[in-house]
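Undergrad: A single structure is presented below for examination.
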Amino acid sequence: MRNKIVLILALVLAISVFDLNTANAQDKRPNDDVANILQKFKNYRFGAVSIYEINDMDEIKEYRKSKSTEGDETTEKEGAACVDELDERVKKFVSDGVDAEDNLDDIIGDIINAGDPLPARELLQCAYDYFVKIATGASEELVLRVYLVTTQPKQIGGIPDNIIGMIVSEKPFEEMTAALKTNLELTGLEDIYSYSFMKDELIDEVKFGHRTLYDLAYSYFIQGNVRNKTMEARGIGTDIRFFSERAGNTSSLISGDVISSREVQTFKRVSAGQPFNYYDKTNEVLVSPDKISWTSYKSRYLRDRSGRFRKDSLGNYILDKRRAANSYLPEFGVELKYGIEEINYPSFWSERLTLSALWKQVKMGIILPTSGWAAMSKDVFDQDRRLTHGGIGLAGEFDFPFMVIPNSGVFHLGFGVVFGDAQQSPYKNRLLDPDNYITNENDRDYLIRSNGQLHYTFGVSVDEDYLVRFGIGGTFYTVEKWYNFLEEGEAESQIVYKELESETVGGISGRIEFMAQNNATPYGASIQYFDEALRIGAWLQIPVIDNTLSLRLDFNGYMVAFKEDPREWEANSVFIPMARFIFLF
């Protein structure tokens, strides 16, 4: 007990009075006094320090690899040489693709979609094989998590003045977790880098962009490439908290200069309002009156230390329950849905029913030549119907990464176009008798012929529990006005249904989507501005059976907010509540 007290006091004293600007670098690991103090992780709870986890630590991996005496085999050298020939962006596409268990063709598709030059397939295959070997443990490379222990920042959310040390947790994949305590247990001195060591450790300035290991580590704070883990560290070993919670820590959903498929999926999950992770389920079925969908995700299987997929006693592959299937883009899916959200028209009131296929970040489908059961808009919600439908059409949505501003850049494109003539609105119950009909140009039907929207979106995480997606761009749509014209002939008269005129509406649009996760009942909201009107959405998801069945309560609608009168085919406001059941299997 006495030794523990001495160690605690030593850590507090060392960190509070240790002059980092005049630190003595006379000793190297493992005999560095600071490294010995940092090894006692339970003392962080009482120490005046902060601890951060590095998000993207590729340079640290390269540094450790350069210091390793292993990996001298010819094949590994050839693989590393292939990787060195690749552009940094392409290299990250290959690395992230292997991590997501994508095949080479999928990775090539991601590179092409991002607009990057495509290297020779042989070179990509060589690099792909190299990263596969690393990922499967064939090169004896383990999973890394890197932590930086620092002095406390002078202000909340600020950058600390000095790094006290760096700790590397290196474990087999099946043993690595997201828990700080578990990852830092039993870390040896050889994986602890003290301030003095980092300051003295010279690295390849051309390769890493920095002269010392310390400068490299400190650059992660400037880049915002870290997550604050101080609160978790101070709670190690006890449920008692000795600190006040710091709220408002905001970071981008994108790290680095290449947008990975998982980051695109995070953007999509904010928009779709998908708060829960599906850890051992790969299929989601959503059922509601105005939307029916099925989405399938790729199974994630557990690997052993040698990289082989693990099997149970019956010979079946074991699902990796620590990796959420829906953290990755869906493999495929089908959706039947009402609505033209891009122009603010929700649910049944839009009179548009679309059947779409989903694949990765792409949704493509056909607009059905029917209003279907859109009569529920009037029968159930007592709303005046204003629109009609036409023939078959095409519709699609795309979320594609293209970085214009650092740590941002997922474009969202949505469009729809209807072919064929408009159809008579059945709900108007017109008396179309040629002998008694008088042409009335004011008795019109309205068809949304085409629409399109392009938004450049940004995503941020607030305290890791609240996700926000912002979008700014432009939207347009074309509406056609149809009416019945009495065409008089010498023999007989007939009523002709034809287009009177068309009108195009367009302008700047913006959208904000919010999702609160990590709650027993997650919730979210969205608001979109276009054409001096607002589309408003809110939802609450109630888990009925954990990881199997949820009830989601949605509230969607729009209102004419910034103009005196709605357009002739619009209403002042439309609000539609909806209950949706979500099944996982």
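By order of appearance in the structure tokens: chains A, B, ..., then residues from 1 within every chain, and ligands from 1 in the order shown.
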For A:Phe332, list every protein, DNA or RNA residue within 12 Å, evaluated using only C-alpha atoms, and leave out those in the same chain fewer than 2 positions away; present the list as a list in words.

TA: Thr282, Asn283, Glu284, Ser293, Trp294, Thr295, Ser296, Tyr297, Lys298, Asn326, Tyr328, Leu329, Pro330, Val334, Glu335, Ser356, Ala357, Leu358, Trp359, Lys360, Gln361, Val362, Lys363 and Met364 of chain A

Undergrad: Would you mind exporting N, CA and C atoms of the selected residues as an mmCIF file, in the first residue's frame?

TA:
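This is the output file out.cif:
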```cif
data_model
loop_
_atom_site.group_PDB
_atom_site.id
_atom_site.type_symbol
_atom_site.label_atom_id
_atom_site.label_comp_id
_atom_site.auth_asym_id
_atom_site.auth_seq_id
_atom_site.Cartn_x
_atom_site.Cartn_y
_atom_site.Cartn_z
ATOM 1 N N THR A 282 -27.042 -8.717 -39.806
ATOM 2 C CA THR A 282 -26.598 -8.147 -41.088
ATOM 3 C C THR A 282 -27.749 -7.702 -41.979
ATOM 4 N N ASN A 283 -28.993 -7.847 -41.513
ATOM 5 C CA ASN A 283 -30.138 -7.459 -42.324
ATOM 6 C C ASN A 283 -31.071 -6.564 -41.527
ATOM 7 N N GLU A 284 -31.530 -5.505 -42.162
ATOM 8 C CA GLU A 284 -32.485 -4.584 -41.551
ATOM 9 C C GLU A 284 -33.719 -4.491 -42.436
ATOM 10 N N SER A 293 -38.509 -1.192 -46.632
ATOM 11 C CA SER A 293 -37.142 -1.356 -47.137
ATOM 12 C C SER A 293 -36.485 -2.577 -46.511
ATOM 13 N N TRP A 294 -35.519 -3.110 -47.244
ATOM 14 C CA TRP A 294 -34.655 -4.182 -46.759
ATOM 15 C C TRP A 294 -33.225 -3.826 -47.147
ATOM 16 N N THR A 295 -32.351 -3.831 -46.155
ATOM 17 C CA THR A 295 -30.944 -3.498 -46.380
ATOM 18 C C THR A 295 -30.075 -4.612 -45.816
ATOM 19 N N SER A 296 -29.112 -5.066 -46.606
ATOM 20 C CA SER A 296 -28.227 -6.152 -46.195
ATOM 21 C C SER A 296 -26.792 -5.640 -46.095
ATOM 22 N N TYR A 297 -26.135 -6.006 -45.010
ATOM 23 C CA TYR A 297 -24.747 -5.632 -44.775
ATOM 24 C C TYR A 297 -23.855 -6.871 -44.804
ATOM 25 N N LYS A 298 -22.594 -6.647 -44.996
ATOM 26 C CA LYS A 298 -21.645 -7.756 -45.085
ATOM 27 C C LYS A 298 -21.314 -8.286 -43.695
ATOM 28 N N ASN A 326 -23.294 -2.458 -39.748
ATOM 29 C CA ASN A 326 -23.745 -1.226 -40.397
ATOM 30 C C ASN A 326 -22.774 -0.067 -40.215
ATOM 31 N N TYR A 328 -20.254 -0.180 -41.981
ATOM 32 C CA TYR A 328 -19.770 -0.205 -43.355
ATOM 33 C C TYR A 328 -20.958 0.004 -44.291
ATOM 34 N N LEU A 329 -20.690 0.455 -45.494
ATOM 35 C CA LEU A 329 -21.747 0.683 -46.466
ATOM 36 C C LEU A 329 -22.480 -0.618 -46.770
ATOM 37 N N PRO A 330 -23.775 -0.559 -47.040
ATOM 38 C CA PRO A 330 -24.544 -1.780 -47.291
ATOM 39 C C PRO A 330 -24.101 -2.477 -48.566
ATOM 40 N N VAL A 334 -33.329 -3.058 -51.057
ATOM 41 C CA VAL A 334 -34.487 -2.663 -51.857
ATOM 42 C C VAL A 334 -35.343 -1.728 -51.011
ATOM 43 N N GLU A 335 -35.919 -0.708 -51.671
ATOM 44 C CA GLU A 335 -36.727 0.270 -50.942
ATOM 45 C C GLU A 335 -37.933 0.685 -51.773
ATOM 46 N N SER A 356 -36.642 1.425 -55.422
ATOM 47 C CA SER A 356 -35.202 1.622 -55.640
ATOM 48 C C SER A 356 -34.395 0.426 -55.184
ATOM 49 N N ALA A 357 -33.240 0.273 -55.814
ATOM 50 C CA ALA A 357 -32.239 -0.702 -55.392
ATOM 51 C C ALA A 357 -31.090 0.052 -54.733
ATOM 52 N N LEU A 358 -30.537 -0.513 -53.647
ATOM 53 C CA LEU A 358 -29.433 0.115 -52.916
ATOM 54 C C LEU A 358 -28.173 -0.713 -53.107
ATOM 55 N N TRP A 359 -27.068 -0.016 -53.284
ATOM 56 C CA TRP A 359 -25.766 -0.665 -53.371
ATOM 57 C C TRP A 359 -24.712 0.329 -52.920
ATOM 58 N N LYS A 360 -24.004 -0.030 -51.844
ATOM 59 C CA LYS A 360 -22.992 0.869 -51.275
ATOM 60 C C LYS A 360 -23.622 2.242 -50.999
ATOM 61 N N GLN A 361 -23.053 3.315 -51.575
ATOM 62 C CA GLN A 361 -23.604 4.650 -51.341
ATOM 63 C C GLN A 361 -24.538 5.100 -52.449
ATOM 64 N N VAL A 362 -25.006 4.157 -53.268
ATOM 65 C CA VAL A 362 -25.832 4.479 -54.430
ATOM 66 C C VAL A 362 -27.248 3.945 -54.230
ATOM 67 N N LYS A 363 -28.236 4.753 -54.609
ATOM 68 C CA LYS A 363 -29.632 4.332 -54.640
ATOM 69 C C LYS A 363 -30.195 4.710 -56.006
ATOM 70 N N MET A 364 -30.604 3.714 -56.781
ATOM 71 C CA MET A 364 -31.182 3.945 -58.107
ATOM 72 C C MET A 364 -32.497 3.193 -58.213
#
```

Undergrad: Extract, using only C-alpha atoms, all DNA, RNA and protein residues at most 7 Å from stretch 219-228 of chain A, discarding same-chain residues fewer than 2 positions from it, and format them as an MDAnalysis selection string.

TA: chainID A and resid 51:56 159 215:217 230 255

Undergrad: To one decimal place, how far is atom CA of A:Gly396 from atom CA of A:Ala579 in Å?

TA: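 Atom-to-atom, atom CA of A:Gly396 to atom CA of A:Ala579, that is 24.8 Å.
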
Undergrad: Contacts of A:Asp290 at 8 Å or less, counting only C-alpha atoms, minus same-chain residues fewer than 5 places along, as a PyMOL selection string?

TA: chain A and resi 337-338+347-348

Undergrad: As a ChimeraX atom specification, list the residues of stretch 149-235 of chain A assigned to helix (DSSP H, G or I) by DSSP on the backbone atoms of this structure.

TA: /A:173-175,180-184,189-191,195-200,205-208,213-223,230-234

Undergrad: Go ahead and write the residues just picked, N, CA, C and O atoms, as a tab-separated table (two decimals), in the first residue's frame.

TA:
```
chain	number	residue	atom	x	y	z
A	173	PHE	N	-5.74	-8.79	-32.97
A	173	PHE	CA	-7.02	-8.17	-33.28
A	173	PHE	C	-8.13	-8.62	-32.33
A	173	PHE	O	-8.92	-7.81	-31.85
A	174	GLU	N	-8.17	-9.93	-32.01
A	174	GLU	CA	-9.27	-10.44	-31.20
A	174	GLU	C	-9.18	-9.97	-29.76
A	174	GLU	O	-10.14	-10.10	-29.00
A	175	GLU	N	-8.03	-9.41	-29.35
A	175	GLU	CA	-7.88	-8.93	-27.97
A	175	GLU	C	-8.02	-7.42	-27.85
A	175	GLU	O	-8.22	-6.91	-26.76
A	180	LEU	N	-10.19	1.87	-22.93
A	180	LEU	CA	-8.85	2.37	-22.62
A	180	LEU	C	-8.15	1.49	-21.57
A	180	LEU	O	-6.99	1.12	-21.73
A	181	LYS	N	-8.88	1.14	-20.54
A	181	LYS	CA	-8.28	0.36	-19.46
A	181	LYS	C	-7.75	-0.98	-19.97
A	181	LYS	O	-6.62	-1.38	-19.69
A	182	THR	N	-8.57	-1.67	-20.78
A	182	THR	CA	-8.17	-2.98	-21.30
A	182	THR	C	-6.95	-2.87	-22.20
A	182	THR	O	-6.03	-3.70	-22.13
A	183	ASN	N	-6.92	-1.84	-23.03
A	183	ASN	CA	-5.82	-1.70	-23.99
A	183	ASN	C	-4.50	-1.33	-23.32
A	183	ASN	O	-3.43	-1.67	-23.82
A	184	LEU	N	-4.58	-0.62	-22.19
A	184	LEU	CA	-3.35	-0.15	-21.55
A	184	LEU	C	-2.83	-1.11	-20.49
A	184	LEU	O	-1.76	-0.87	-19.93
A	189	LEU	N	7.53	-1.51	-20.90
A	189	LEU	CA	8.28	-0.26	-21.03
A	189	LEU	C	8.75	-0.01	-22.45
A	189	LEU	O	8.95	1.13	-22.87
A	190	GLU	N	8.93	-1.10	-23.23
A	190	GLU	CA	9.38	-0.92	-24.60
A	190	GLU	C	8.33	-0.24	-25.48
A	190	GLU	O	8.64	0.24	-26.57
A	191	ASP	N	7.08	-0.17	-24.99
A	191	ASP	CA	6.01	0.47	-25.75
A	191	ASP	C	5.63	1.83	-25.15
A	191	ASP	O	4.59	2.39	-25.48
A	195	TYR	N	8.90	11.85	-22.83
A	195	TYR	CA	9.18	13.16	-23.43
A	195	TYR	C	10.63	13.25	-23.88
A	195	TYR	O	10.93	13.65	-25.01
A	196	SER	N	11.56	12.88	-23.00
A	196	SER	CA	12.98	13.04	-23.33
A	196	SER	C	13.38	12.14	-24.50
A	196	SER	O	14.14	12.55	-25.38
A	197	PHE	N	12.83	10.91	-24.53
A	197	PHE	CA	13.15	10.03	-25.64
A	197	PHE	C	12.61	10.58	-26.96
A	197	PHE	O	13.30	10.58	-27.98
A	198	MET	N	11.36	11.04	-26.93
A	198	MET	CA	10.73	11.55	-28.15
A	198	MET	C	11.45	12.79	-28.68
A	198	MET	O	11.57	12.98	-29.89
A	199	LYS	N	11.93	13.62	-27.78
A	199	LYS	CA	12.66	14.83	-28.19
A	199	LYS	C	14.00	14.48	-28.84
A	199	LYS	O	14.45	15.16	-29.78
A	200	ASP	N	14.63	13.42	-28.37
A	200	ASP	CA	15.95	13.04	-28.88
A	200	ASP	C	15.88	12.11	-30.08
A	200	ASP	O	16.88	11.93	-30.78
A	205	GLU	N	13.09	13.19	-41.89
A	205	GLU	CA	12.30	14.40	-42.09
A	205	GLU	C	11.63	14.43	-43.45
A	205	GLU	O	10.53	14.96	-43.60
A	206	VAL	N	12.27	13.85	-44.45
A	206	VAL	CA	11.69	13.81	-45.79
A	206	VAL	C	10.46	12.90	-45.81
A	206	VAL	O	9.42	13.23	-46.39
A	207	LYS	N	10.56	11.78	-45.13
A	207	LYS	CA	9.48	10.79	-45.15
A	207	LYS	C	8.32	11.19	-44.25
A	207	LYS	O	7.15	11.04	-44.61
A	208	PHE	N	8.62	11.70	-43.05
A	208	PHE	CA	7.58	11.98	-42.08
A	208	PHE	C	7.19	13.45	-42.00
A	208	PHE	O	6.18	13.79	-41.38
A	213	LEU	N	10.50	12.56	-33.27
A	213	LEU	CA	9.28	11.83	-32.96
A	213	LEU	C	8.31	12.72	-32.18
A	213	LEU	O	7.10	12.63	-32.36
A	214	TYR	N	8.85	13.59	-31.34
A	214	TYR	CA	8.00	14.50	-30.58
A	214	TYR	C	7.24	15.45	-31.51
A	214	TYR	O	6.04	15.67	-31.36
A	215	ASP	N	7.95	16.02	-32.47
A	215	ASP	CA	7.30	16.95	-33.41
A	215	ASP	C	6.20	16.24	-34.21
A	215	ASP	O	5.14	16.81	-34.47
A	216	LEU	N	6.46	14.99	-34.59
A	216	LEU	CA	5.45	14.23	-35.32
A	216	LEU	C	4.21	14.03	-34.47
A	216	LEU	O	3.08	14.23	-34.93
A	217	ALA	N	4.40	13.62	-33.20
A	217	ALA	CA	3.26	13.37	-32.33
A	217	ALA	C	2.48	14.67	-32.06
A	217	ALA	O	1.25	14.67	-32.04
A	218	TYR	N	3.19	15.78	-31.87
A	218	TYR	CA	2.52	17.04	-31.57
A	218	TYR	C	1.71	17.53	-32.77
A	218	TYR	O	0.69	18.22	-32.61
A	219	SER	N	2.15	17.17	-33.98
A	219	SER	CA	1.42	17.61	-35.18
A	219	SER	C	0.00	17.04	-35.22
A	219	SER	O	-0.89	17.61	-35.84
A	220	TYR	N	-0.22	15.91	-34.54
A	220	TYR	CA	-1.56	15.32	-34.53
A	220	TYR	C	-2.57	16.25	-33.83
A	220	TYR	O	-3.74	16.27	-34.19
A	221	PHE	N	-2.11	16.99	-32.83
A	221	PHE	CA	-3.01	17.95	-32.16
A	221	PHE	C	-3.36	19.10	-33.09
A	221	PHE	O	-4.51	19.54	-33.16
A	222	ILE	N	-2.38	19.57	-33.84
A	222	ILE	CA	-2.62	20.68	-34.77
A	222	ILE	C	-3.59	20.25	-35.86
A	222	ILE	O	-4.45	21.01	-36.29
A	223	GLN	N	-3.49	18.99	-36.29
A	223	GLN	CA	-4.37	18.47	-37.34
A	223	GLN	C	-5.75	18.09	-36.81
A	223	GLN	O	-6.66	17.80	-37.60
A	230	THR	N	-9.42	11.68	-21.61
A	230	THR	CA	-9.05	12.00	-20.24
A	230	THR	C	-10.08	11.52	-19.24
A	230	THR	O	-9.75	10.95	-18.19
A	231	MET	N	-11.37	11.74	-19.55
A	231	MET	CA	-12.41	11.35	-18.60
A	231	MET	C	-12.40	9.85	-18.36
A	231	MET	O	-12.56	9.37	-17.24
A	232	GLU	N	-12.22	9.08	-19.44
A	232	GLU	CA	-12.18	7.63	-19.31
A	232	GLU	C	-10.96	7.20	-18.52
A	232	GLU	O	-11.02	6.30	-17.68
A	233	ALA	N	-9.82	7.86	-18.75
A	233	ALA	CA	-8.58	7.49	-18.06
A	233	ALA	C	-8.69	7.75	-16.56
A	233	ALA	O	-8.21	6.97	-15.74
A	234	ARG	N	-9.33	8.84	-16.19
A	234	ARG	CA	-9.41	9.18	-14.76
A	234	ARG	C	-10.42	8.31	-14.01
A	234	ARG	O	-10.48	8.32	-12.80
```

Undergrad: Need to verify the contact set: A:Thr370, 10 Å, only C-alpha atoms, exclusion of same-chain residues closer than 3 positions in sequence. Can you return it as a ChimeraX atom specification?

TA: /A:351-354,367,373-374,388-392,423

Undergrad: How far is it from atom CA of A:Thr266 to atom CA of A:Ala516, in Å with one decimal?

TA: 13.0 Å

Undergrad: Enumerate the residues of stretch 253-293 of chain A with a DSSP assignment of strand (DSSP E or B), computed from the backbone, and present them as a list of chain:residue names.

TA: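 Taking stretch 253-293 of chain A and keeping strand (DSSP E or B) only, one gets A:Asn283, A:Glu284, A:Val285, A:Leu286, A:Val287, A:Ser288, A:Lys291, A:Ile292, A:Ser293.
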
Undergrad: Could those residues be written to a file, using N, CA and C atoms, as a CSV table (one decimal), in the first residue's frame?

TA:
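Written out: result15.csv:
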```csv
chain,number,residue,atom,x,y,z
A,283,ASN,N,-29.0,-7.8,-41.5
A,283,ASN,CA,-30.1,-7.5,-42.3
A,283,ASN,C,-31.1,-6.6,-41.5
A,284,GLU,N,-31.5,-5.5,-42.2
A,284,GLU,CA,-32.5,-4.6,-41.6
A,284,GLU,C,-33.7,-4.5,-42.4
A,285,VAL,N,-34.9,-4.7,-41.9
A,285,VAL,CA,-36.1,-4.6,-42.6
A,285,VAL,C,-37.0,-3.5,-41.9
A,286,LEU,N,-37.4,-2.5,-42.6
A,286,LEU,CA,-38.2,-1.4,-42.1
A,286,LEU,C,-39.6,-1.5,-42.7
A,287,VAL,N,-40.6,-1.4,-41.9
A,287,VAL,CA,-42.0,-1.5,-42.4
A,287,VAL,C,-42.8,-0.3,-41.9
A,288,SER,N,-43.4,0.4,-42.7
A,288,SER,CA,-44.3,1.5,-42.4
A,288,SER,C,-45.3,1.8,-43.5
A,291,LYS,N,-43.2,3.6,-46.3
A,291,LYS,CA,-41.8,3.2,-46.6
A,291,LYS,C,-41.6,1.7,-46.2
A,292,ILE,N,-41.2,0.9,-47.1
A,292,ILE,CA,-40.8,-0.5,-46.8
A,292,ILE,C,-39.4,-0.7,-47.4
A,293,SER,N,-38.5,-1.2,-46.6
A,293,SER,CA,-37.1,-1.4,-47.1
A,293,SER,C,-36.5,-2.6,-46.5
```

Undergrad: Quick one, how far is atom CA of A:Tyr427 from atom CA of A:Asp379?

TA: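 Rounded to one decimal, the two atoms are 10.9 Å apart.
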
Undergrad: I want to know what sits within 10 Å of A:Thr457, based on only C-alpha atoms, with residues of the same chain fewer than 6 positions away left out; could you give that as a PyMOL selection string?

TA: chain A and resi 267+399+401+408-412+469-473+510-512

Undergrad: Would you save the residues from that selection as a PDB file, in the first residue's frame, using C-alpha atoms?

TA:
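What follows is the written file part.pdb:
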```pdb
ATOM      1  CA  PHE A 267     -22.727  10.564 -43.008  1.00  0.00           C
ATOM      2  CA  ASP A 399     -23.316  10.116 -51.574  1.00  0.00           C
ATOM      3  CA  PRO A 401     -16.684  11.738 -51.367  1.00  0.00           C
ATOM      4  CA  SER A 408     -15.082  17.427 -44.964  1.00  0.00           C
ATOM      5  CA  GLY A 409     -16.530  16.699 -48.317  1.00  0.00           C
ATOM      6  CA  VAL A 410     -19.306  14.178 -48.982  1.00  0.00           C
ATOM      7  CA  PHE A 411     -21.487  15.393 -51.828  1.00  0.00           C
ATOM      8  CA  HIS A 412     -25.138  14.363 -51.846  1.00  0.00           C
ATOM      9  CA  ARG A 469     -24.547  16.721 -40.897  1.00  0.00           C
ATOM     10  CA  PHE A 470     -24.698  20.105 -42.622  1.00  0.00           C
ATOM     11  CA  GLY A 471     -25.420  20.531 -46.321  1.00  0.00           C
ATOM     12  CA  ILE A 472     -25.391  23.557 -48.604  1.00  0.00           C
ATOM     13  CA  GLY A 473     -26.014  23.746 -52.322  1.00  0.00           C
ATOM     14  CA  GLY A 510     -29.503  24.067 -47.094  1.00  0.00           C
ATOM     15  CA  ARG A 511     -30.065  21.209 -44.696  1.00  0.00           C
ATOM     16  CA  ILE A 512     -29.119  20.319 -41.121  1.00  0.00           C
TER      17      ILE A 512
END
```

Undergrad: List as a tab-separated table every residue of stretch 190-294 of chain A that is in contact with stretch 89-102 of chain A, defined as an atom at most 8 Å from one of its atoms (using only C-alpha atoms), together with the nearest atom pair and the distance in Å rounded to one decimal, sorted by chain and then rising number.

TA:
```
residue	atom	partner	partner_atom	distance
A:Asp257	CA	A:Arg89	CA	7.3
A:Val258	CA	A:Arg89	CA	5.8
A:Ser260	CA	A:Asp96	CA	6.5
A:Ser261	CA	A:Asp96	CA	7.8
```

Undergrad: Based on the selection just made, write N, CA, C and O atoms of those residues as a short mmCIF file (atom, residue, chain, number, x, y, z; two decimals), in the first residue's frame.

TA:
```cif
data_model
loop_
_atom_site.label_atom_id
_atom_site.label_comp_id
_atom_site.auth_asym_id
_atom_site.auth_seq_id
_atom_site.Cartn_x
_atom_site.Cartn_y
_atom_site.Cartn_z
N ASP A 257 -6.76 13.05 -45.20
CA ASP A 257 -7.06 13.73 -46.46
C ASP A 257 -7.73 12.81 -47.47
O ASP A 257 -7.85 13.14 -48.64
N VAL A 258 -8.15 11.63 -47.04
CA VAL A 258 -8.90 10.71 -47.88
C VAL A 258 -10.14 10.27 -47.11
O VAL A 258 -10.05 9.93 -45.93
N SER A 260 -12.84 7.71 -46.20
CA SER A 260 -13.03 6.26 -46.27
C SER A 260 -14.50 5.92 -46.44
O SER A 260 -15.39 6.74 -46.19
N SER A 261 -14.77 4.68 -46.85
CA SER A 261 -16.15 4.23 -47.02
C SER A 261 -16.89 4.23 -45.69
O SER A 261 -18.09 4.49 -45.65
#
```

Undergrad: May I have a table of the residues of stretch 418-476 of chain A lying at most 12 Å from stretch 556-575 of chain A, giving each one's closest pair of atoms and their distance in Å to one decimal, counting only C-alpha atoms, ordered by chain and ascending residue number, as a Markdown table?

TA:
```
| residue | atom | partner | partner_atom | distance |
| --- | --- | --- | --- | --- |
| A:Asn442 | CA | A:Glu568 | CA | 10.2 |
| A:Asp443 | CA | A:Glu568 | CA | 11.2 |
| A:Arg444 | CA | A:Trp569 | CA | 9.1 |
| A:Asp445 | CA | A:Trp569 | CA | 8.3 |
| A:Tyr446 | CA | A:Trp569 | CA | 6.4 |
| A:Leu447 | CA | A:Trp569 | CA | 9.2 |
| A:Ile448 | CA | A:Trp569 | CA | 10.0 |
```

Undergrad: Between A:Ile134, A:Leu86, A:Gln274, A:Leu454, single out the one closest to A:Ala120, counting only C-alpha atoms.

TA: A:Leu86
